>>> print(open('protein_35.cif').read())   # mmCIF, C-alpha atoms
data_query
loop_
_atom_site.label_atom_id
_atom_site.label_comp_id
_atom_site.auth_asym_id
_atom_site.auth_seq_id
_atom_site.Cartn_x
_atom_site.Cartn_y
_atom_site.Cartn_z
CA MET A 1 -8.19 18.19 5.49
CA ARG A 2 -6.01 17.64 2.42
CA LYS A 3 -3.42 15.93 4.62
CA LEU A 4 -6.12 13.62 5.88
CA SER A 5 -7.31 12.95 2.32
CA PHE A 6 -3.83 11.91 1.23
CA PHE A 7 -3.37 9.42 4.03
CA VAL A 8 -6.78 7.84 3.65
CA LEU A 9 -5.83 6.79 0.13
CA LEU A 10 -2.42 5.65 1.29
CA CYS A 11 -3.91 3.36 3.82
CA LEU A 12 -6.68 2.29 1.95
CA LEU A 13 -6.11 -1.24 2.48
CA TRP A 14 -8.36 -2.50 4.99
CA PRO A 15 -10.94 -4.26 7.09
CA LEU A 16 -12.89 -6.38 9.55
CA SER A 17 -14.29 -9.78 8.79
CA VAL A 18 -16.68 -12.63 9.21
CA GLY A 19 -15.79 -16.26 9.30
CA ALA A 20 -15.33 -19.46 11.21
CA ALA A 21 -14.52 -19.57 14.92
CA PRO A 22 -10.78 -19.60 15.63
CA ARG A 23 -9.03 -22.88 16.40
CA GLN A 24 -5.43 -23.76 17.15
CA VAL A 25 -3.38 -24.40 14.01
CA GLU A 26 0.28 -24.08 13.17
CA VAL A 27 0.58 -20.85 11.20
CA GLY A 28 3.68 -19.58 9.45
CA LEU A 29 4.50 -16.26 7.84
CA ALA A 30 3.80 -17.66 4.36
CA ASP A 31 0.31 -18.72 5.46
CA VAL A 32 -0.56 -15.21 6.63
CA ILE A 33 0.81 -13.62 3.45
CA GLN A 34 -1.23 -16.04 1.34
CA ALA A 35 -4.39 -15.19 3.25
CA LEU A 36 -3.67 -11.49 2.77
CA GLU A 37 -2.96 -11.58 -0.98
CA SER A 38 -5.14 -14.37 -2.35
CA PRO A 39 -8.56 -12.64 -2.19
CA PHE A 40 -7.20 -9.93 -4.54
CA GLN A 41 -5.43 -12.13 -7.07
CA PRO A 42 -6.97 -12.92 -10.47
CA GLY A 43 -8.41 -16.35 -11.09
CA ARG A 44 -9.67 -16.91 -7.52
CA PRO A 45 -13.48 -17.17 -7.80
CA ASP A 46 -13.59 -19.39 -4.69
CA ALA A 47 -12.01 -16.78 -2.39
CA GLY A 48 -12.23 -13.50 -4.26
CA ILE A 49 -13.30 -10.20 -2.76
CA VAL A 50 -15.65 -8.49 -5.21
CA ASP A 51 -16.74 -5.58 -3.03
CA PHE A 52 -17.04 -4.41 0.55
CA GLU A 53 -18.51 -1.61 2.61
CA ALA A 54 -17.66 -0.56 6.16
CA GLU A 55 -17.58 2.18 8.75
CA PHE A 56 -14.08 3.52 9.40
CA PHE A 57 -12.13 5.41 12.03
CA GLN A 58 -8.93 7.21 11.08
CA GLU A 59 -6.26 8.89 13.17
CA SER A 60 -3.35 10.77 11.62
CA ARG A 61 -0.44 11.92 13.80
CA ILE A 62 1.93 14.67 12.69
CA LEU A 63 5.20 14.03 14.52
CA ALA A 64 6.71 17.52 14.28
CA LEU A 65 3.58 19.14 15.74
CA ASP A 66 2.78 16.34 18.19
CA ARG A 67 -0.81 16.59 17.03
CA ALA A 68 -3.46 14.07 16.06
CA GLN A 69 -6.33 14.51 13.60
CA ARG A 70 -9.25 12.10 13.70
CA GLY A 71 -11.91 11.27 11.15
CA ARG A 72 -14.90 8.96 10.81
CA GLY A 73 -17.15 7.95 7.99
CA GLN A 74 -18.18 5.20 5.60
CA VAL A 75 -16.28 3.50 2.77
CA TRP A 76 -17.29 1.38 -0.23
CA PHE A 77 -14.94 -0.58 -2.51
CA LYS A 78 -15.47 -2.64 -5.64
CA PHE A 79 -12.94 -4.69 -7.61
CA ASP A 80 -13.35 -5.48 -11.30
CA ARG A 81 -12.52 -9.19 -11.50
CA THR A 82 -13.29 -9.51 -15.24
CA LEU A 83 -9.76 -8.53 -16.32
CA GLY A 84 -8.45 -12.07 -16.77
CA ASP A 85 -4.89 -12.41 -15.44
CA ARG A 86 -4.64 -8.73 -14.49
CA VAL A 87 -4.91 -7.62 -10.87
CA PRO A 88 -8.49 -6.39 -10.24
CA GLN A 89 -9.08 -2.68 -10.77
CA ALA A 90 -10.29 -0.78 -7.70
CA LYS A 91 -13.27 1.56 -7.50
CA PHE A 92 -13.95 3.31 -4.23
CA ARG A 93 -15.91 5.92 -2.31
CA TRP A 94 -14.86 7.40 1.04
CA GLU A 95 -17.39 9.66 2.76
CA TYR A 96 -16.18 11.57 5.82
CA ARG A 97 -18.66 12.76 8.40
CA GLN A 98 -16.02 14.01 10.86
CA PRO A 99 -14.10 16.22 11.41
CA THR A 100 -15.68 17.86 8.33
CA GLU A 101 -17.68 16.48 5.43
CA GLN A 102 -15.64 15.26 2.47
CA GLU A 103 -15.92 12.72 -0.37
CA ILE A 104 -13.16 10.84 -2.19
CA VAL A 105 -14.52 8.91 -5.18
CA SER A 106 -13.01 6.92 -8.05
CA ASP A 107 -14.61 4.94 -10.86
CA GLY A 108 -11.24 3.38 -11.75
CA ARG A 109 -10.49 6.08 -14.32
CA THR A 110 -11.09 9.42 -12.59
CA LEU A 111 -10.46 10.51 -9.01
CA TRP A 112 -12.65 13.17 -7.39
CA VAL A 113 -11.91 14.83 -4.05
CA TYR A 114 -14.95 16.88 -3.04
CA LEU A 115 -14.53 19.53 -0.33
CA PRO A 116 -17.98 20.99 0.43
CA GLU A 117 -16.61 23.68 2.75
CA ASN A 118 -14.44 24.96 -0.12
CA ASN A 119 -17.26 24.55 -2.65
CA GLN A 120 -14.89 22.74 -5.05
CA VAL A 121 -14.00 19.29 -6.34
CA ILE A 122 -10.48 18.27 -7.38
CA GLU A 123 -10.67 16.05 -10.47
CA SER A 124 -7.64 13.97 -11.55
CA ASP A 125 -6.85 11.21 -14.02
CA ILE A 126 -5.76 8.02 -12.24
CA GLU A 127 -3.81 6.57 -15.16
CA PHE A 128 -1.55 9.62 -15.17
CA ALA A 129 -0.92 9.17 -11.46
CA LEU A 130 -0.05 5.50 -11.97
CA ARG A 131 2.48 6.33 -14.69
CA GLU A 132 4.09 9.32 -13.01
CA GLN A 133 4.27 8.04 -9.44
CA PRO A 134 4.18 4.24 -9.25
CA ASP A 135 4.36 4.15 -5.44
CA ASN A 136 1.35 6.40 -4.94
CA PRO A 137 -1.72 5.32 -2.92
CA VAL A 138 -3.80 4.37 -5.96
CA THR A 139 -1.13 1.90 -7.10
CA PHE A 140 -1.16 0.40 -3.64
CA LEU A 141 -4.93 -0.04 -3.72
CA THR A 142 -4.85 -1.86 -7.04
CA GLY A 143 -1.85 -4.00 -6.03
CA LEU A 144 -3.20 -5.87 -3.02
CA GLY A 145 -2.66 -9.17 -4.82
CA ASN A 146 1.04 -8.37 -5.30
CA LEU A 147 2.10 -7.11 -1.89
CA SER A 148 4.99 -9.57 -1.61
CA ARG A 149 6.26 -8.33 -4.98
CA ASP A 150 6.24 -4.67 -3.94
CA PHE A 151 7.11 -5.03 -0.25
CA SER A 152 9.46 -6.98 1.98
CA ILE A 153 7.16 -8.68 4.51
CA ARG A 154 8.07 -9.99 7.96
CA TRP A 155 6.48 -10.51 11.33
CA ALA A 156 5.96 -7.33 13.35
CA ALA A 157 7.00 -7.20 16.99
CA PRO A 158 4.75 -8.28 18.57
CA ASN A 159 3.31 -10.48 15.83
CA ARG A 160 -0.15 -10.95 17.41
CA ASP A 161 -2.63 -8.48 18.82
CA PRO A 162 -4.54 -9.12 22.09
CA ALA A 163 -7.32 -10.87 20.16
CA GLY A 164 -4.87 -13.24 18.44
CA ASN A 165 -4.88 -11.64 15.00
CA TYR A 166 -1.60 -11.54 13.08
CA ILE A 167 0.49 -8.40 12.59
CA LEU A 168 2.79 -8.00 9.59
CA GLU A 169 5.40 -5.33 8.94
CA LEU A 170 5.92 -4.29 5.31
CA GLN A 171 8.70 -2.15 3.87
CA PRO A 172 8.81 -0.97 0.23
CA ARG A 173 11.35 -2.85 -1.88
CA ARG A 174 12.34 0.45 -3.46
CA THR A 175 12.68 3.86 -1.86
CA SER A 176 9.33 5.57 -1.40
CA GLN A 177 8.59 9.16 -0.45
CA LEU A 178 5.23 8.06 0.92
CA ILE A 179 5.80 4.86 2.89
CA ALA A 180 8.62 4.00 5.27
CA ARG A 181 6.77 1.24 7.08
CA LEU A 182 3.33 -0.33 6.88
CA LEU A 183 1.77 -2.47 9.61
CA ILE A 184 -1.20 -4.66 8.66
CA VAL A 185 -3.32 -6.55 11.16
CA VAL A 186 -4.55 -9.70 9.40
CA ASP A 187 -7.75 -11.36 10.57
CA GLN A 188 -7.01 -14.80 12.02
CA ASN A 189 -10.25 -16.08 10.44
CA ALA A 190 -8.92 -15.16 6.99
CA VAL A 191 -5.84 -17.27 7.72
CA LEU A 192 -7.99 -20.19 8.85
CA ALA A 193 -9.97 -19.90 5.61
CA PHE A 194 -6.88 -21.09 3.75
CA ASP A 195 -6.38 -24.09 6.01
CA SER A 196 -7.22 -27.24 4.05
CA ASP A 197 -9.74 -28.46 6.63
CA LEU A 198 -11.74 -25.23 6.66
CA ARG A 199 -11.60 -24.14 3.03
CA PRO A 200 -14.58 -26.24 1.79
CA ALA A 201 -16.86 -24.73 4.43
CA LEU A 202 -15.78 -21.18 3.60
CA ARG A 203 -15.84 -21.44 -0.17
CA GLY A 204 -18.16 -19.09 -2.01
CA ALA A 205 -18.50 -15.36 -2.47
CA GLN A 206 -20.92 -14.83 0.42
CA ASN A 207 -18.44 -16.46 2.84
CA ALA A 208 -15.41 -14.45 1.74
CA VAL A 209 -13.35 -13.01 4.59
CA PHE A 210 -11.76 -9.59 4.17
CA PRO A 211 -8.27 -10.19 5.59
CA ILE A 212 -7.26 -6.72 6.78
CA LEU A 213 -8.51 -5.49 10.14
CA SER A 214 -6.45 -2.31 10.26
CA THR A 215 -3.42 -0.63 8.72
CA THR A 216 -0.84 1.77 10.12
CA VAL A 217 1.30 3.74 7.68
CA THR A 218 4.44 5.60 8.75
CA ASP A 219 6.07 7.98 6.28
CA PRO A 220 9.81 8.83 6.10
CA ASN A 221 9.22 11.88 8.34
CA GLY A 222 7.71 9.79 11.12
CA ASN A 223 4.10 10.85 10.55
CA SER A 224 1.63 7.99 10.89
CA THR A 225 -1.97 7.15 10.08
CA ILE A 226 -4.04 4.26 11.37
CA ILE A 227 -7.35 3.19 9.83
CA GLU A 228 -9.70 0.75 11.55
CA PHE A 229 -12.91 -0.68 10.13
CA SER A 230 -16.21 -1.87 11.63
CA SER A 231 -19.62 -3.11 10.45
CA MET A 232 -17.94 -4.84 7.50
CA ARG A 233 -20.13 -6.25 4.70
CA VAL A 234 -18.47 -8.26 1.91
CA ASN A 235 -19.68 -9.13 -1.61
CA ARG A 236 -23.07 -7.45 -1.49
CA GLY A 237 -23.21 -6.53 -5.17
CA LEU A 238 -22.48 -2.81 -5.00
CA PRO A 239 -23.65 -0.98 -8.17
CA ASP A 240 -21.15 0.83 -10.41
CA SER A 241 -23.24 4.00 -10.07
CA LEU A 242 -22.06 4.29 -6.47
CA PHE A 243 -18.57 5.13 -7.76
CA GLN A 244 -19.62 8.03 -9.97
CA PHE A 245 -19.32 11.54 -8.57
CA ILE A 246 -22.35 13.72 -9.21
CA ARG A 247 -21.20 17.32 -9.04
CA PRO A 248 -23.55 19.61 -7.11
CA ALA A 249 -24.62 22.79 -8.83
CA ASP A 250 -22.22 25.74 -8.56
CA VAL A 251 -19.32 23.60 -7.30
CA GLU A 252 -15.99 24.60 -8.88
CA VAL A 253 -13.99 21.90 -10.71
CA VAL A 254 -10.21 22.04 -10.21
CA ARG A 255 -8.07 19.96 -12.57
CA PRO A 256 -4.41 19.90 -11.50
CA SER A 257 -1.83 19.83 -14.27
CA GLY A 258 0.13 17.15 -12.38
CA LEU A 259 -0.77 14.52 -9.82
CA PRO A 260 -3.76 14.79 -7.48
CA GLY A 261 -3.05 17.67 -5.12
CA PHE A 262 -3.49 16.17 -1.68
#
>>> encode(input="protein_35.cif", output="structure tokens")
Amino acid sequence: MRKLSFFVLLCLLWPLSVGAAPRQVEVGLADVIQALESPFQPGRPDAGIVDFEAEFFQESRILALDRAQRGRGQVWFKFDRTLGDRVPQAKFRWEYRQPTEQEIVSDGRTLWVYLPENNQVIESDIEFALREQPDNPVTFLTGLGNLSRDFSIRWAAPNRDPAGNYILELQPRRTSQLIARLLIVVDQNAVLAFDSDLRPALRGAQNAVFPILSTTVTDPNGNSTIIEFSSMRVNRGLPDSLFQFIRPADVEVVRPSGLPGF
């Protein structure tokens, strides 16, 4: 399960949406990138994503073993948008129900990976991870507003899925041991939300559209993980207490001397 834990953070990008009915518009690559980044950039109260919760399905494939591992559960995210010009800080909680129970929680300062079957929780400092390994999954989560800075972005082939949503291919601008290629399926309704004719109708926190329907990460060894989301709820006012880990009695705390040990 530690392999699965690692990839869930890596992909942690994200989800399904609500919004206006699709209509035919001329859409370019820059339009899709704008729709993907803008909800996570500072100073965007009209289109900002404050929080979301969803069900998720995850499938990780290990190339060398020709084996797939699947997981399901629920995820909650919250972004601190009070940091002025800084990219919003991410808080999150992933709760796996399958294949085994597991929790991955962060309050923006500390990361907890709770493994009930091992009766232990791995506790790590996020700031140390950000300094020591700038291309790690946590950096990616907090950098959604700067994807075009950190990645080279182009159309995937094909560039639309059967439902008409847009597919982007991202490659890190600098060599990464974690990501060779990232595919993101961008909700077409999120793109329409940035069309000048539709923006007034979609303005406001309750009408925000989460732009990411699914992500597929491929590492340099050819292993891949896809995460898909359903039952998406955006900007519901999730409490900060949700992102605190409450350690059960008799659970061992493991504090690695280095980075989180996924």
>>> resolve_selection(input="protein_35.cif", expression="the PyMOL selection byres ((chain A and resi 158-173) around 10)", output="ChimeraX atom specification")
/A:22,27,29,32-33,135,147-157,174-176,178-191,212-217
>>> atom_distance(input="protein_35.cif", atom1="CA of Gln98 in chain A", atom2="CA of Gly73 in chain A")
6.8 Å
>>> atom_distance(input="protein_35.cif", atom1="CA of Arg109 in chain A", atom2="CA of Phe210 in chain A")
24.3 Å
>>> closest_residue(input="protein_35.cif", among="A:Asn221, A:Gln69, A:Ser231, A:Asn146", to="Gln41 in chain A", atoms="all atoms listed in the file")
A:Asn146
>>> residues_around(input="protein_35.cif", residues="Arg70 in chain A", least_positions_apart="3", cutoff="10 Å", atoms="all atoms listed in the file", output="list in words")
Leu4, Phe57, Gln58, Glu59, Ser60, Arg61, Gln98, Pro99, Thr225, Ile226 and Ile227 of chain A
>>> write_last_selection(input="protein_35.cif", atoms="C-alpha atoms", output="compact mmCIF listing (two decimals), keeping the file's coordinate frame")
# COMPACT_ATOMS: atom_id res chain seq x y z
CA LEU A 4 -6.12 13.62 5.88
CA PHE A 57 -12.13 5.41 12.03
CA GLN A 58 -8.93 7.21 11.08
CA GLU A 59 -6.26 8.89 13.17
CA SER A 60 -3.35 10.77 11.62
CA ARG A 61 -0.44 11.92 13.80
CA GLN A 98 -16.02 14.01 10.86
CA PRO A 99 -14.10 16.22 11.41
CA THR A 225 -1.97 7.15 10.08
CA ILE A 226 -4.04 4.26 11.37
CA ILE A 227 -7.35 3.19 9.83
>>> atom_distance(input="protein_35.cif", atom1="CA of Ala35 in chain A", atom2="CA of Pro211 in chain A")
6.7 Å
>>> resolve_selection(input="protein_35.cif", expression="the PyMOL selection byres ((chain A and resi 234) around 6)", output="list in words")
Asp51, Phe52, Arg233, Asn235 and Arg236 of chain A
>>> closest_residue(input="protein_35.cif", among="A:Ala90, A:Val113, A:Ile49, A:Val75", to="Val251 in chain A", atoms="only C-alpha atoms")
A:Val113
>>> build_atoms(input="protein_35.cif", residues="range 180-196 of chain A", atoms="N, CA, C and O atoms", output="PDB file, in the frame of the given file")
ATOM      1  N   ALA A 180       7.407   4.549   4.676  1.00  0.00           N
ATOM      2  CA  ALA A 180       8.620   4.000   5.270  1.00  0.00           C
ATOM      3  C   ALA A 180       8.339   2.635   5.864  1.00  0.00           C
ATOM      4  O   ALA A 180       9.151   1.718   5.764  1.00  0.00           O
ATOM      5  N   ARG A 181       7.166   2.496   6.466  1.00  0.00           N
ATOM      6  CA  ARG A 181       6.770   1.240   7.080  1.00  0.00           C
ATOM      7  C   ARG A 181       5.256   1.146   7.078  1.00  0.00           C
ATOM      8  O   ARG A 181       4.554   2.144   7.231  1.00  0.00           O
ATOM      9  N   LEU A 182       4.767  -0.067   6.883  1.00  0.00           N
ATOM     10  CA  LEU A 182       3.330  -0.330   6.880  1.00  0.00           C
ATOM     11  C   LEU A 182       3.065  -1.537   7.772  1.00  0.00           C
ATOM     12  O   LEU A 182       3.666  -2.596   7.587  1.00  0.00           O
ATOM     13  N   LEU A 183       2.210  -1.368   8.768  1.00  0.00           N
ATOM     14  CA  LEU A 183       1.770  -2.470   9.610  1.00  0.00           C
ATOM     15  C   LEU A 183       0.354  -2.867   9.192  1.00  0.00           C
ATOM     16  O   LEU A 183      -0.514  -1.999   9.028  1.00  0.00           O
ATOM     17  N   ILE A 184       0.129  -4.161   9.011  1.00  0.00           N
ATOM     18  CA  ILE A 184      -1.200  -4.660   8.660  1.00  0.00           C
ATOM     19  C   ILE A 184      -1.598  -5.716   9.680  1.00  0.00           C
ATOM     20  O   ILE A 184      -0.846  -6.669   9.933  1.00  0.00           O
ATOM     21  N   VAL A 185      -2.760  -5.537  10.272  1.00  0.00           N
ATOM     22  CA  VAL A 185      -3.320  -6.550  11.160  1.00  0.00           C
ATOM     23  C   VAL A 185      -4.220  -7.452  10.322  1.00  0.00           C
ATOM     24  O   VAL A 185      -5.203  -6.990   9.736  1.00  0.00           O
ATOM     25  N   VAL A 186      -3.851  -8.738  10.245  1.00  0.00           N
ATOM     26  CA  VAL A 186      -4.550  -9.700   9.400  1.00  0.00           C
ATOM     27  C   VAL A 186      -5.487 -10.545  10.255  1.00  0.00           C
ATOM     28  O   VAL A 186      -5.074 -11.132  11.256  1.00  0.00           O
ATOM     29  N   ASP A 187      -6.728 -10.606   9.856  1.00  0.00           N
ATOM     30  CA  ASP A 187      -7.750 -11.360  10.570  1.00  0.00           C
ATOM     31  C   ASP A 187      -7.364 -12.839  10.651  1.00  0.00           C
ATOM     32  O   ASP A 187      -7.110 -13.483   9.631  1.00  0.00           O
ATOM     33  N   GLN A 188      -7.349 -13.378  11.851  1.00  0.00           N
ATOM     34  CA  GLN A 188      -7.010 -14.800  12.020  1.00  0.00           C
ATOM     35  C   GLN A 188      -8.001 -15.709  11.296  1.00  0.00           C
ATOM     36  O   GLN A 188      -7.640 -16.799  10.843  1.00  0.00           O
ATOM     37  N   ASN A 189      -9.264 -15.255  11.147  1.00  0.00           N
ATOM     38  CA  ASN A 189     -10.250 -16.080  10.440  1.00  0.00           C
ATOM     39  C   ASN A 189      -9.931 -16.165   8.949  1.00  0.00           C
ATOM     40  O   ASN A 189     -10.230 -17.168   8.301  1.00  0.00           O
ATOM     41  N   ALA A 190      -9.329 -15.111   8.393  1.00  0.00           N
ATOM     42  CA  ALA A 190      -8.920 -15.160   6.990  1.00  0.00           C
ATOM     43  C   ALA A 190      -7.804 -16.180   6.800  1.00  0.00           C
ATOM     44  O   ALA A 190      -7.736 -16.868   5.783  1.00  0.00           O
ATOM     45  N   VAL A 191      -6.920 -16.286   7.788  1.00  0.00           N
ATOM     46  CA  VAL A 191      -5.840 -17.270   7.720  1.00  0.00           C
ATOM     47  C   VAL A 191      -6.412 -18.682   7.813  1.00  0.00           C
ATOM     48  O   VAL A 191      -6.028 -19.590   7.062  1.00  0.00           O
ATOM     49  N   LEU A 192      -7.363 -18.877   8.715  1.00  0.00           N
ATOM     50  CA  LEU A 192      -7.990 -20.190   8.850  1.00  0.00           C
ATOM     51  C   LEU A 192      -8.733 -20.591   7.592  1.00  0.00           C
ATOM     52  O   LEU A 192      -8.858 -21.774   7.281  1.00  0.00           O
ATOM     53  N   ALA A 193      -9.229 -19.606   6.843  1.00  0.00           N
ATOM     54  CA  ALA A 193      -9.970 -19.900   5.610  1.00  0.00           C
ATOM     55  C   ALA A 193      -9.096 -20.589   4.576  1.00  0.00           C
ATOM     56  O   ALA A 193      -9.600 -21.244   3.665  1.00  0.00           O
ATOM     57  N   PHE A 194      -7.779 -20.460   4.704  1.00  0.00           N
ATOM     58  CA  PHE A 194      -6.880 -21.090   3.750  1.00  0.00           C
ATOM     59  C   PHE A 194      -6.260 -22.364   4.313  1.00  0.00           C
ATOM     60  O   PHE A 194      -5.395 -22.966   3.700  1.00  0.00           O
ATOM     61  N   ASP A 195      -6.749 -22.780   5.485  1.00  0.00           N
ATOM     62  CA  ASP A 195      -6.380 -24.090   6.010  1.00  0.00           C
ATOM     63  C   ASP A 195      -7.181 -25.148   5.268  1.00  0.00           C
ATOM     64  O   ASP A 195      -8.364 -24.990   5.030  1.00  0.00           O
ATOM     65  N   SER A 196      -6.565 -26.241   4.902  1.00  0.00           N
ATOM     66  CA  SER A 196      -7.220 -27.240   4.050  1.00  0.00           C
ATOM     67  C   SER A 196      -8.484 -27.812   4.668  1.00  0.00           C
ATOM     68  O   SER A 196      -9.415 -28.190   3.960  1.00  0.00           O
TER      69      SER A 196
END
